[in-house]
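Peer 1: File follows, upload.cif with mmCIF, C-alpha atoms:
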```cif
data_my_file
#
loop_
_atom_site.label_atom_id
_atom_site.label_comp_id
_atom_site.auth_asym_id
_atom_site.auth_seq_id
_atom_site.Cartn_x
_atom_site.Cartn_y
_atom_site.Cartn_z
CA MET S 209 114.58 62.61 130.50
CA THR S 210 117.01 62.88 133.38
CA ASN S 211 116.01 62.67 137.02
CA PHE S 212 117.11 66.26 137.43
CA SER S 213 114.68 67.45 134.73
CA LYS S 214 111.85 65.39 136.25
CA THR S 215 112.47 66.93 139.67
CA LEU S 216 112.47 70.41 138.15
CA ILE S 217 109.18 69.81 136.34
CA ALA S 218 107.64 68.44 139.54
CA LEU S 219 108.81 71.52 141.45
CA ILE S 220 107.32 73.87 138.86
CA GLY S 221 104.06 71.89 139.04
CA VAL S 222 103.97 72.17 142.85
CA THR S 223 104.58 75.94 142.66
CA CYS S 224 101.77 76.36 140.14
CA LEU S 225 99.43 74.35 142.38
CA ALA S 226 100.40 76.46 145.39
CA SER S 227 99.64 79.66 143.52
CA ASN S 228 96.26 78.32 142.40
CA VAL S 229 95.14 77.02 145.79
CA ASN S 230 92.85 79.98 146.30
CA ALA S 231 91.26 79.65 142.89
CA LYS S 232 88.76 77.06 144.10
CA GLN S 233 87.55 79.25 146.99
CA ASN S 234 84.72 81.74 146.72
CA MET S 235 86.43 84.64 145.00
CA LEU S 236 83.83 87.15 146.17
CA PHE S 237 84.06 86.19 149.83
CA THR S 238 85.48 89.53 151.06
CA LEU S 239 83.06 91.56 148.93
CA GLU S 240 80.08 89.57 150.18
CA ASN S 241 81.23 90.18 153.76
CA LEU S 242 81.47 93.89 153.07
CA GLU S 243 78.01 93.96 151.54
CA ARG S 244 76.58 92.19 154.58
CA GLN S 245 78.26 94.65 156.92
CA ARG S 246 77.11 97.61 154.84
CA ALA S 247 73.54 96.28 154.96
CA VAL S 248 73.83 96.08 158.76
CA LEU S 249 75.04 99.70 158.87
CA LEU S 250 72.12 100.90 156.76
CA ASP S 251 69.72 98.86 158.83
CA ASN S 252 71.24 100.43 161.93
CA LEU S 253 70.44 103.84 160.47
CA THR S 254 66.87 103.12 159.46
CA THR S 255 65.73 100.90 162.31
CA THR S 256 63.31 102.41 164.78
CA LYS S 257 64.14 99.94 167.49
CA LEU S 258 67.25 101.74 168.70
CA GLU S 259 67.81 104.77 170.86
CA ALA S 260 70.08 107.53 169.53
CA TYR S 261 72.90 106.55 171.91
CA GLN S 262 72.68 102.86 170.97
CA ARG S 263 72.59 103.78 167.31
CA GLU S 264 75.74 105.83 167.71
CA GLN S 265 77.54 103.09 169.62
CA ASN S 266 76.57 100.47 167.05
CA THR S 267 77.54 102.75 164.17
CA ASN S 268 81.03 103.27 165.63
CA LYS S 269 81.57 99.51 165.96
CA LEU S 270 80.31 98.92 162.44
CA ILE S 271 82.51 101.66 161.02
CA LYS S 272 85.58 100.11 162.62
CA ARG S 273 84.75 96.78 160.96
CA LEU S 274 83.89 98.44 157.66
CA VAL S 275 87.27 100.21 157.52
CA ASP S 276 89.05 96.84 157.52
CA MET S 277 86.58 95.22 155.18
CA GLU S 278 86.72 98.00 152.62
CA ARG S 279 90.51 97.77 152.60
CA MET S 280 90.33 93.98 152.27
CA VAL S 281 88.03 94.26 149.27
CA LEU S 282 90.19 96.86 147.56
CA ARG S 283 93.32 94.76 148.10
CA ASP S 284 91.77 91.43 147.10
CA ASP S 285 92.94 90.51 143.57
CA ARG S 286 90.59 87.52 143.41
CA ILE S 287 87.58 89.81 143.13
CA ALA S 288 88.63 91.18 139.72
CA ALA S 289 89.37 87.66 138.51
CA SER S 290 85.82 86.57 139.45
CA ASN S 291 84.50 88.60 136.49
CA SER S 292 81.14 89.06 138.26
CA ILE S 293 78.56 91.84 137.91
CA MET S 294 78.60 92.27 141.67
CA ALA S 295 82.32 93.13 141.59
CA LYS S 296 81.84 95.42 138.60
CA ASN S 297 79.05 97.35 140.30
CA ALA S 298 80.99 97.55 143.57
CA PHE S 299 83.95 99.33 141.98
CA GLN S 300 81.85 101.44 139.62
CA ASN S 301 79.81 102.81 142.54
CA TYR S 302 82.75 103.55 144.83
CA ASP S 303 80.84 106.22 146.78
CA LEU S 304 78.09 103.79 147.76
CA THR S 305 80.24 100.66 148.31
CA PHE S 306 83.14 102.09 150.31
CA LEU S 307 81.15 104.33 152.57
CA VAL S 308 83.82 105.01 155.21
CA HIS S 309 86.65 105.94 152.84
CA ALA S 310 84.41 107.83 150.41
CA GLY S 311 82.83 109.66 153.35
CA SER S 312 86.27 110.65 154.62
CA GLU S 313 86.99 112.18 151.20
CA SER S 314 83.89 114.35 151.36
CA LYS S 315 84.46 115.08 155.09
CA LYS S 316 81.18 113.44 156.01
CA SER S 317 80.22 110.55 158.21
CA PRO S 318 79.57 107.31 156.29
CA MET S 319 75.83 107.60 156.80
CA ALA S 320 75.70 111.27 155.82
CA HIS S 321 77.76 110.47 152.74
CA TRP S 322 75.36 107.66 151.80
CA LEU S 323 72.35 109.94 152.14
CA HIS S 324 74.09 112.71 150.21
CA THR S 325 75.10 110.38 147.36
CA LEU S 326 71.53 109.14 146.99
CA ASN S 327 70.28 112.72 147.29
CA ILE S 328 68.15 111.95 150.34
CA THR S 329 67.53 115.17 152.23
CA ASN S 330 65.28 116.18 155.13
CA LYS S 331 62.87 117.75 152.65
CA SER S 332 62.67 114.68 150.44
CA ILE S 333 62.03 112.52 153.52
CA GLU S 334 59.31 114.91 154.70
CA LYS S 335 57.67 114.82 151.29
CA SER S 336 57.77 111.07 151.09
CA ARG S 337 54.81 108.90 151.95
CA ALA S 338 54.86 105.51 153.57
CA GLY S 339 52.96 102.84 151.66
CA ALA S 340 53.06 99.60 149.81
CA ARG S 341 54.74 99.54 146.42
CA MET L 121 143.28 70.44 49.68
CA LYS L 122 140.21 69.99 51.81
CA SER L 123 141.28 66.49 52.97
CA MET L 124 144.76 67.84 53.76
CA THR L 125 143.33 70.54 55.98
CA ILE L 126 141.17 67.99 57.79
CA ASN L 127 144.18 65.74 58.30
CA ILE L 128 146.22 68.61 59.71
CA ILE L 129 143.42 69.47 62.10
CA ARG L 130 143.13 65.80 63.18
CA ALA L 131 146.87 65.59 63.74
CA LYS L 132 146.80 68.78 65.78
CA THR L 133 143.87 67.42 67.74
CA LYS L 134 145.78 64.27 68.63
CA THR L 135 148.91 66.07 69.73
CA ASN L 136 147.01 68.70 71.68
CA SER L 137 144.37 66.37 73.15
CA ASN L 138 145.45 67.30 76.67
CA LYS L 139 145.16 70.98 75.82
CA TYR L 140 141.68 70.50 74.36
CA LYS L 141 140.58 68.60 77.43
CA GLN L 142 141.61 71.61 79.50
CA LEU L 143 139.98 73.90 76.98
CA ASN L 144 136.67 72.05 77.24
CA LEU L 145 136.82 72.13 81.02
CA ALA L 146 137.79 75.80 80.96
CA CYS L 147 134.79 76.44 78.70
CA SER L 148 132.46 74.62 81.06
CA LEU L 149 133.94 76.57 83.99
CA LEU L 150 133.48 79.77 82.06
CA ILE L 151 129.83 79.01 81.30
CA LYS L 152 129.23 77.95 84.89
CA SER L 153 130.90 81.06 86.32
CA PHE L 154 129.14 83.43 83.95
CA SER L 155 125.76 81.87 84.68
CA LEU L 156 126.52 82.01 88.42
CA ALA L 157 127.48 85.67 88.18
CA ALA L 158 124.34 86.46 86.15
CA VAL L 159 122.10 84.60 88.57
CA LEU L 160 123.70 86.28 91.56
CA ILE L 161 123.34 89.75 90.08
CA LEU L 162 119.69 89.02 89.35
CA SER L 163 119.10 87.57 92.80
CA SER L 164 120.70 90.60 94.46
CA GLN L 165 118.20 92.79 92.61
CA VAL L 166 115.16 90.58 93.17
CA VAL L 167 115.87 89.86 96.80
CA LEU L 168 115.00 86.35 97.88
CA ALA L 169 112.27 85.80 95.35
CA ASN L 170 112.42 82.04 95.75
CA ASP L 171 114.47 79.97 98.14
CA THR L 172 113.99 76.67 96.39
CA GLN L 173 115.66 77.54 93.10
CA PHE L 174 119.18 77.02 94.46
CA GLY L 175 118.59 73.60 95.92
CA GLY L 176 118.13 74.49 99.58
CA VAL L 177 115.01 72.38 99.86
CA SER L 178 116.46 69.25 101.44
CA SER L 179 118.06 71.20 104.30
CA ASP L 180 114.89 72.83 105.56
CA TRP L 181 113.73 74.43 108.82
CA LYS L 182 110.02 74.79 109.56
CA PRO L 183 109.51 76.78 112.76
CA LEU L 184 106.00 77.51 114.10
CA ALA L 185 104.75 80.23 116.44
CA SER L 186 102.99 77.85 118.82
CA ASP L 187 100.97 78.97 121.84
CA LYS L 188 103.64 77.42 124.07
CA LEU L 189 106.27 79.63 122.47
CA ILE L 190 104.22 82.80 122.94
CA LYS L 191 103.85 82.16 126.66
CA LEU L 192 107.63 82.37 127.12
CA PRO L 193 109.41 85.65 127.96
CA ALA L 194 110.56 87.45 124.81
CA ASN L 195 114.29 86.93 125.44
CA ILE L 196 113.68 83.21 125.98
CA ILE L 197 111.59 83.11 122.77
CA GLU L 198 114.67 84.26 120.87
CA LYS L 199 116.89 81.63 122.54
CA ARG L 200 114.29 78.91 121.92
CA ILE L 201 114.07 79.82 118.22
CA GLN L 202 117.85 79.87 117.95
CA LYS L 203 118.11 76.47 119.64
CA ASP L 204 115.42 75.04 117.35
CA PHE L 205 117.26 76.41 114.34
CA GLN L 206 120.59 74.94 115.49
CA ALA L 207 118.96 71.51 115.73
CA SER L 208 117.54 71.76 112.18
CA ALA L 209 118.84 70.18 108.98
CA MET L 210 119.35 73.68 107.60
CA ALA L 211 121.86 74.61 110.33
CA THR L 212 123.64 71.27 109.92
CA ARG L 213 124.03 71.93 106.19
CA MET L 214 125.32 75.43 106.94
CA ILE L 215 128.01 74.00 109.21
CA GLU L 216 128.96 71.45 106.53
CA LEU L 217 129.23 74.23 103.99
CA ASP L 218 131.39 76.27 106.36
CA VAL L 219 133.81 73.35 106.70
CA GLU L 220 133.82 72.87 102.91
CA MET L 221 134.54 76.54 102.38
CA GLN L 222 137.33 76.57 104.94
CA ASP L 223 138.97 73.61 103.18
CA GLY L 224 138.47 75.31 99.82
CA VAL L 225 140.04 78.57 101.01
CA SER L 226 143.09 76.76 102.43
CA MET L 227 143.51 74.88 99.12
CA ILE L 228 143.21 78.11 97.12
CA LYS L 229 145.79 79.78 99.36
CA SER L 230 148.25 76.89 99.01
CA ILE L 231 147.87 76.87 95.19
CA ILE L 232 148.44 80.64 95.03
CA GLU L 233 151.57 80.24 97.17
CA LEU L 234 152.79 77.40 94.94
CA MET L 235 152.20 79.17 91.62
CA PRO L 236 155.37 81.37 91.47
CA GLU L 237 157.58 78.27 91.83
CA LEU L 238 156.10 76.54 88.77
CA GLU L 239 156.88 76.90 85.07
CA GLY L 240 155.40 76.01 81.70
CA GLN L 241 152.55 73.53 81.48
CA ALA L 242 152.50 73.06 85.27
CA VAL L 243 151.48 76.72 85.70
CA GLN L 244 148.57 76.26 83.33
CA ASN L 245 147.50 73.11 85.15
CA GLN L 246 147.68 74.88 88.49
CA ARG L 247 145.75 77.85 87.15
CA PHE L 248 143.08 75.46 85.93
CA GLU L 249 142.98 73.69 89.31
CA LEU L 250 142.81 77.06 91.07
CA LEU L 251 139.83 78.04 88.95
CA GLN L 252 138.10 74.79 89.79
CA TYR L 253 138.62 75.32 93.52
CA LYS L 254 137.44 78.91 93.24
CA SER L 255 134.34 77.77 91.37
CA ASP L 256 133.61 75.08 93.99
CA TYR L 257 134.13 77.62 96.76
CA LEU L 258 131.69 80.02 95.11
CA ASP L 259 129.12 77.23 94.72
CA ALA L 260 129.38 76.46 98.43
CA LEU L 261 129.28 80.15 99.33
CA GLN L 262 126.20 80.66 97.19
CA GLU L 263 124.40 77.73 98.81
CA SER L 264 125.39 79.02 102.25
CA HIS L 265 124.05 82.47 101.36
CA ASN L 266 120.77 81.01 100.16
CA LEU L 267 120.40 79.05 103.36
CA HIS L 268 121.19 82.15 105.44
CA GLN L 269 118.64 84.18 103.50
CA SER L 270 116.04 81.47 103.87
CA ALA L 271 116.73 81.20 107.63
CA LEU L 272 116.43 84.97 108.03
CA GLU L 273 113.16 85.00 106.09
CA LYS L 274 111.76 82.28 108.30
CA LYS L 275 112.92 84.03 111.47
CA GLN L 276 111.29 87.23 110.26
CA THR L 277 108.00 85.45 109.56
CA LEU L 278 108.19 83.74 112.94
CA TYR L 279 108.92 86.94 114.90
CA LYS L 280 106.09 88.71 113.05
CA SER L 281 103.72 85.88 113.89
CA VAL L 282 104.74 85.95 117.58
CA LEU L 283 104.35 89.74 117.66
CA ASP L 284 100.88 89.52 116.06
CA LYS L 285 99.79 86.87 118.55
CA LEU L 286 101.13 88.92 121.47
CA ARG L 287 99.22 91.97 120.23
CA LEU L 288 96.07 89.91 119.81
CA GLN L 289 96.47 88.49 123.29
CA SER L 290 97.05 91.89 124.92
CA GLY L 291 94.17 93.34 122.88
CA LYS L 292 91.86 90.57 124.12
CA MET L 293 93.05 91.12 127.67
CA ASN L 294 92.56 94.88 127.48
CA ASN L 295 89.03 94.46 126.17
CA SER L 296 87.99 91.69 128.56
CA GLU L 297 85.54 92.31 131.42
CA THR L 298 88.05 90.94 133.94
CA TYR L 299 90.60 93.51 132.83
CA LYS L 300 88.04 96.31 133.14
CA ILE L 301 87.11 95.20 136.68
CA GLN L 302 90.80 94.96 137.52
CA GLN L 303 91.37 98.50 136.30
CA ALA L 304 88.36 99.75 138.25
CA GLN L 305 89.71 98.05 141.37
CA VAL L 306 93.14 99.60 140.89
CA ALA L 307 91.56 103.05 140.52
CA ALA L 308 89.43 102.48 143.63
CA ARG L 309 92.47 101.29 145.60
CA GLN L 310 94.42 104.39 144.63
CA ARG L 311 91.49 106.53 145.73
CA MET L 312 91.36 104.70 149.08
CA GLU L 313 95.12 104.99 149.69
CA LYS L 314 94.86 108.78 149.51
CA VAL L 315 92.54 108.87 152.53
CA ILE L 316 93.90 105.98 154.61
CA GLU L 317 95.58 108.22 157.19
CA GLN L 318 92.56 110.50 157.28
CA VAL L 319 90.27 107.52 157.99
CA ASP L 320 92.62 106.22 160.73
CA GLN L 321 92.59 109.63 162.39
CA SER L 322 88.81 109.84 162.19
CA LEU L 323 88.61 106.47 163.96
CA MET L 324 90.67 107.94 166.78
CA HIS L 325 88.20 110.84 166.99
CA LEU L 326 85.44 108.27 167.36
CA GLY L 327 87.28 106.90 170.41
CA ILE L 328 88.64 103.81 168.66
CA GLU L 329 92.32 104.21 169.44
CA LYS L 330 93.37 100.59 169.24
CA SER L 331 94.05 99.47 165.69
CA SER L 332 92.43 96.29 164.47
CA PRO L 333 94.37 92.97 164.21
CA TYR L 334 93.94 93.19 160.41
CA THR L 335 95.61 96.61 160.26
CA ASP L 336 98.48 95.50 162.51
CA LYS L 337 99.23 92.25 160.74
CA TYR L 338 98.64 93.72 157.31
CA SER L 339 101.28 96.39 157.81
CA LYS L 340 103.73 93.82 159.18
CA ASN L 341 103.13 91.46 156.28
CA LEU L 342 103.23 94.28 153.77
CA SER L 343 106.96 94.91 154.26
CA GLN L 344 107.66 91.18 153.93
CA ILE L 345 105.50 91.03 150.79
CA GLU L 346 107.44 93.95 149.33
CA ASN L 347 110.72 92.11 149.99
CA LEU L 348 109.38 88.99 148.32
CA LYS L 349 108.11 91.02 145.36
CA MET L 350 111.54 92.61 145.01
CA ALA L 351 113.18 89.18 145.07
CA ILE L 352 110.78 87.96 142.36
CA SER L 353 111.37 91.00 140.16
CA ARG L 354 115.14 90.62 140.58
CA HIS L 355 115.07 86.89 139.83
CA GLN L 356 116.84 86.12 136.55
CA ALA L 357 114.08 83.74 135.42
CA ASN L 358 111.55 86.54 135.76
CA GLN L 359 113.60 89.38 134.31
CA SER L 360 112.03 91.37 131.54
CA PRO L 361 113.98 91.55 128.29
CA GLN L 362 116.66 94.22 128.15
CA MET L 363 118.07 96.28 125.32
CA ASN L 364 121.27 98.18 126.12
CA GLY L 365 120.69 97.59 129.82
CA ILE L 366 117.17 99.06 129.78
CA ASP L 367 114.08 96.98 130.55
CA ILE L 368 111.69 96.85 127.61
CA THR L 369 108.39 95.18 126.83
CA SER L 370 108.15 91.89 124.96
CA GLU L 371 106.59 93.68 121.98
CA GLU L 372 109.44 96.19 121.84
CA TYR L 373 111.98 93.37 122.14
CA LEU L 374 110.40 91.52 119.22
CA ARG L 375 110.35 94.69 117.15
CA GLN L 376 114.09 95.07 117.83
CA LEU L 377 114.64 91.44 116.78
CA LEU L 378 112.78 92.09 113.53
CA MET L 379 114.96 95.12 112.93
CA SER L 380 118.16 93.14 113.49
CA VAL L 381 116.91 90.45 111.07
CA SER L 382 116.32 93.04 108.36
CA THR L 383 119.79 94.50 109.05
CA GLU L 384 121.32 91.05 108.56
CA GLN L 385 119.28 90.62 105.38
CA SER L 386 120.53 93.84 103.85
CA LEU L 387 124.14 92.95 104.73
CA LEU L 388 123.60 89.54 103.15
CA ASP L 389 122.31 91.25 100.00
CA GLN L 390 125.51 93.26 99.88
CA GLU L 391 127.54 90.07 100.29
CA THR L 392 125.55 88.50 97.44
CA LEU L 393 126.72 91.35 95.24
CA MET L 394 130.32 90.65 96.30
CA LEU L 395 129.77 86.99 95.49
CA SER L 396 128.50 87.89 92.02
CA TYR L 397 131.61 90.00 91.35
CA MET L 398 133.84 87.15 92.56
CA ALA L 399 131.99 84.77 90.20
CA LYS L 400 132.49 87.23 87.35
CA LEU L 401 136.23 87.37 88.09
CA VAL L 402 136.42 83.56 88.03
CA ALA L 403 134.55 83.64 84.72
CA LEU L 404 137.01 86.14 83.28
CA ASP L 405 139.95 84.05 84.52
CA ALA L 406 138.41 80.99 82.90
CA GLN L 407 137.93 82.96 79.67
CA ALA L 408 141.55 84.09 79.72
CA LEU L 409 142.69 80.49 80.28
CA GLU L 410 140.45 79.31 77.47
CA TYR L 411 141.96 81.86 75.07
CA GLU L 412 145.43 80.93 76.21
CA VAL L 413 144.83 77.22 75.64
CA ALA L 414 143.15 77.83 72.29
CA TYR L 415 145.42 80.48 70.83
CA GLY L 416 148.62 80.24 72.86
CA GLU L 417 150.29 82.97 74.86
CA ASP L 418 150.77 86.50 73.59
CA THR L 419 154.60 86.04 73.47
CA ASP L 420 154.25 83.43 70.66
CA ASN L 421 152.32 85.94 68.58
CA GLU L 422 155.03 88.50 69.14
CA LEU L 423 157.65 85.97 68.01
CA MET L 424 155.65 85.21 64.89
CA SER L 425 155.27 88.85 64.14
CA GLU L 426 159.01 89.38 64.64
CA THR L 427 159.87 86.73 62.03
CA ASN L 428 157.33 88.15 59.62
CA LYS L 429 159.08 91.49 59.59
CA PRO L 430 161.48 91.79 56.63
CA SER L 431 163.88 93.95 58.60
CA ALA L 432 164.47 91.07 61.01
CA VAL L 433 165.46 88.62 58.28
CA THR L 434 167.42 90.78 55.85
CA THR L 435 170.72 89.33 57.08
CA LEU L 436 169.68 85.95 55.75
CA PHE L 437 169.72 87.28 52.19
CA TYR L 438 173.23 88.58 51.94
CA GLN L 439 176.67 87.77 53.18
CA GLU L 440 178.82 90.41 54.82
#
```
Turn this file's structure into structure tokens for me.

Peer 2:
Amino acid sequence: MTNFSKTLIALIGVTCLASNVNAKQNMLFTLENLERQRAVLLDNLTTTKLEAYQREQNTNKLIKRLVDMERMVLRDDRIAASNSIMAKNAFQNYDLTFLVHAGSESKKSPMAHWLHTLNITNKSIEKSRAGAR
Amino acid sequence: MKSMTINIIRAKTKTNSNKYKQLNLACSLLIKSFSLAAVLILSSQVVLANDTQFGGVSSDWKPLASDKLIKLPANIIEKRIQKDFQASAMATRMIELDVEMQDGVSMIKSIIELMPELEGQAVQNQRFELLQYKSDYLDALQESHNLHQSALEKKQTLYKSVLDKLRLQSGKMNNSETYKIQQAQVAARQRMEKVIEQVDQSLMHLGIEKSSPYTDKYSKNLSQIENLKMAISRHQANQSPQMNGIDITSEEYLRQLLMSVSTEQSLLDQETLMLSYMAKLVALDAQALEYEVAYGEDTDNELMSETNKPSAVTTLFYQE
């Protein structure tokens, strides 16, 4: 084998390595971040510790972060390659995972959209009883 | 009387030994040519029933549709197969046969050019030599045809195998969970892209006018990524196979290759028929030469018949 061929093979090998660098990282990193942020948003809605103004301020900050995170998740090709149930469920339940963008579609705020998707209304909340499961 | 006849025959045999030698060879040529013609006619009807019956075994080519081959782009697959074939014993034999045939054709041409200048026994000898060269040429042509047919059969099997494996691979991919998630992500992304501007405007309504660092850098990088993608798609090592200047899929390309192989096969069948007719003509020439050597030329018979006619000899019986 000539030196030229050896160099070419080495170059191809280096390129393949470079393209697989990300393979060892956590492929669901962006989705996990989104889920964490979404949990914070829902907690922000349900918590009784906040005043209405604080809740609104926090919600706006969280929405701004969620916009970026939702876009990151939808543009991240590693998530599909992870072949995980978490990824499958995330894309199957678009309306519940991508609250900001799905809410914009239905002309609702992210929280209102979440409540609407889960069919949680004022009446159903009034009828509900607090207790241990 | 019986012994006299035998003696006459022996004497004739001695004097015409050269003629009988030619006769025997002409007979063998005749048998060979007729059998060749018969075999060729049969083989043109029963297309490529068996590739070993004509002696093409030693010059073989055994290609395999390996996994490494399937990973290559379709147009490179074709080149790789062609290169593999060219390095095989079968291709080497084909080249040898081509050289043999070229030499044979030039010899046949020179004999044909020389024939009008010759007379008597020399013409017969040249005709005999011409027949031998023609017979040798047809043998080489037949072997070459068999090798071509065998190569085409193998290419066809190989292309079919590659096509089947590609289908299997794409079928597996389409049914895999990863592929399904990928499709779901693509659909979700398309859904998101429809409302991107709407979401950005709603952020402004919320009093968040400054775009995030992610949004800024993403849009800057996006144009660069598009340029790089374009460069990759234009790169000759990454180009999809083309047919008449139009990009086509690997499967379509392989189907086209299979079609061109079957076109070559049918043309080869037609050429086999031509070869059989050529063999028949050589056989007829050999038969004519055999008759000529055995019974003499037609002009001798005419002379004999002339002397047998009483009207031609009446002058010998009277004096004027």

Peer 1: Which residue out of L:Glu384, L:Asp320, L:Glu297, L:Asp336 has the minimum interatomic distance to Ala288 in chain S when only C-alpha atoms are used?

Peer 2: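 Closest candidate: L:Glu297.
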
Peer 1: Pick the closest to Phe237 in chain S from S:Asp284, S:Glu313, S:Glu264, S:Asp251: which is it, counting all atoms listed in the file?

Peer 2: S:Asp284

Peer 1: Select residues of chain L: the criterion is any atom within 7 Å of an atom of chain S, counting only C-alpha atoms; output as a PyMOL selection string.

Peer 2: chain L and resi 297-298+301-302+304-305+308-309+312+315+318-319+326+334

Peer 1: With only C-alpha atoms as the counted atoms, please give the residues lying no more than 12 Å from Asp218 in chain L, apart from itself and same-chain residues fewer than 2 positions off, as an NGL selection string.

Peer 2: :L and (211-216 or 220-225 or 257-265 or 267-268)

Peer 1: What does the PyMOL selection byres ((chain L and resi 191-202) around 7) select in this file, as a ChimeraX atom specification?

Peer 2: /L:187-190,203-206,361,370,373-374

Peer 1: Return the single residue from S:Ser336, S:Arg246, S:Leu307, S:Thr256 that is closest to Trp322 in chain S, with distances computed using all atoms listed in the file.

Peer 2: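 Of all the options, S:Leu307 lies closest to Trp322 in chain S.
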
Peer 1: With distances taken over only C-alpha atoms, which of L:Ala185, L:Ala207, L:Pro430, L:Phe248 is nearest to Val413 in chain L?

Peer 2: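 Checking each candidate against Val413 in chain L, we get L:Phe248 as the closest.
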
Peer 1: Please provide the set of residues having any atom within 10 Å of Leu278 in chain L, restricted to only C-alpha atoms, with same-chain residues fewer than 3 positions apart removed, written as number ranges by chain.

Peer 2: L: 182-186, 201, 272-275, 281-284, 378

Peer 1: Could you jot down the CA of Ile231 in chain L to CA of Leu250 in chain L separation for me, Å, one decimal place?

Peer 2: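 So the two atoms, CA of Ile231 in chain L and CA of Leu250 in chain L, lie 6.5 Å apart.
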
Peer 1: Expand the PyMOL selection byres ((chain L and resi 252) around 10) into the explicit residue set it covers here, and present it as a PyMOL selection string.

Peer 2: chain L and resi 145-146+149+228+246-251+253-258+402+406

Peer 1: Just to be explicit: take each residue in the selection above, keep C-alpha atoms, and write the result as an mmCIF file, in the frame of the given file.

Peer 2:
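File written: part.cif
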```cif
data_model
loop_
_atom_site.group_PDB
_atom_site.id
_atom_site.type_symbol
_atom_site.label_atom_id
_atom_site.label_comp_id
_atom_site.auth_asym_id
_atom_site.auth_seq_id
_atom_site.Cartn_x
_atom_site.Cartn_y
_atom_site.Cartn_z
ATOM 1 C CA LEU L 145 136.820 72.130 81.020
ATOM 2 C CA ALA L 146 137.790 75.800 80.960
ATOM 3 C CA LEU L 149 133.940 76.570 83.990
ATOM 4 C CA ILE L 228 143.210 78.110 97.120
ATOM 5 C CA GLN L 246 147.680 74.880 88.490
ATOM 6 C CA ARG L 247 145.750 77.850 87.150
ATOM 7 C CA PHE L 248 143.080 75.460 85.930
ATOM 8 C CA GLU L 249 142.980 73.690 89.310
ATOM 9 C CA LEU L 250 142.810 77.060 91.070
ATOM 10 C CA LEU L 251 139.830 78.040 88.950
ATOM 11 C CA TYR L 253 138.620 75.320 93.520
ATOM 12 C CA LYS L 254 137.440 78.910 93.240
ATOM 13 C CA SER L 255 134.340 77.770 91.370
ATOM 14 C CA ASP L 256 133.610 75.080 93.990
ATOM 15 C CA TYR L 257 134.130 77.620 96.760
ATOM 16 C CA LEU L 258 131.690 80.020 95.110
ATOM 17 C CA VAL L 402 136.420 83.560 88.030
ATOM 18 C CA ALA L 406 138.410 80.990 82.900
#
```
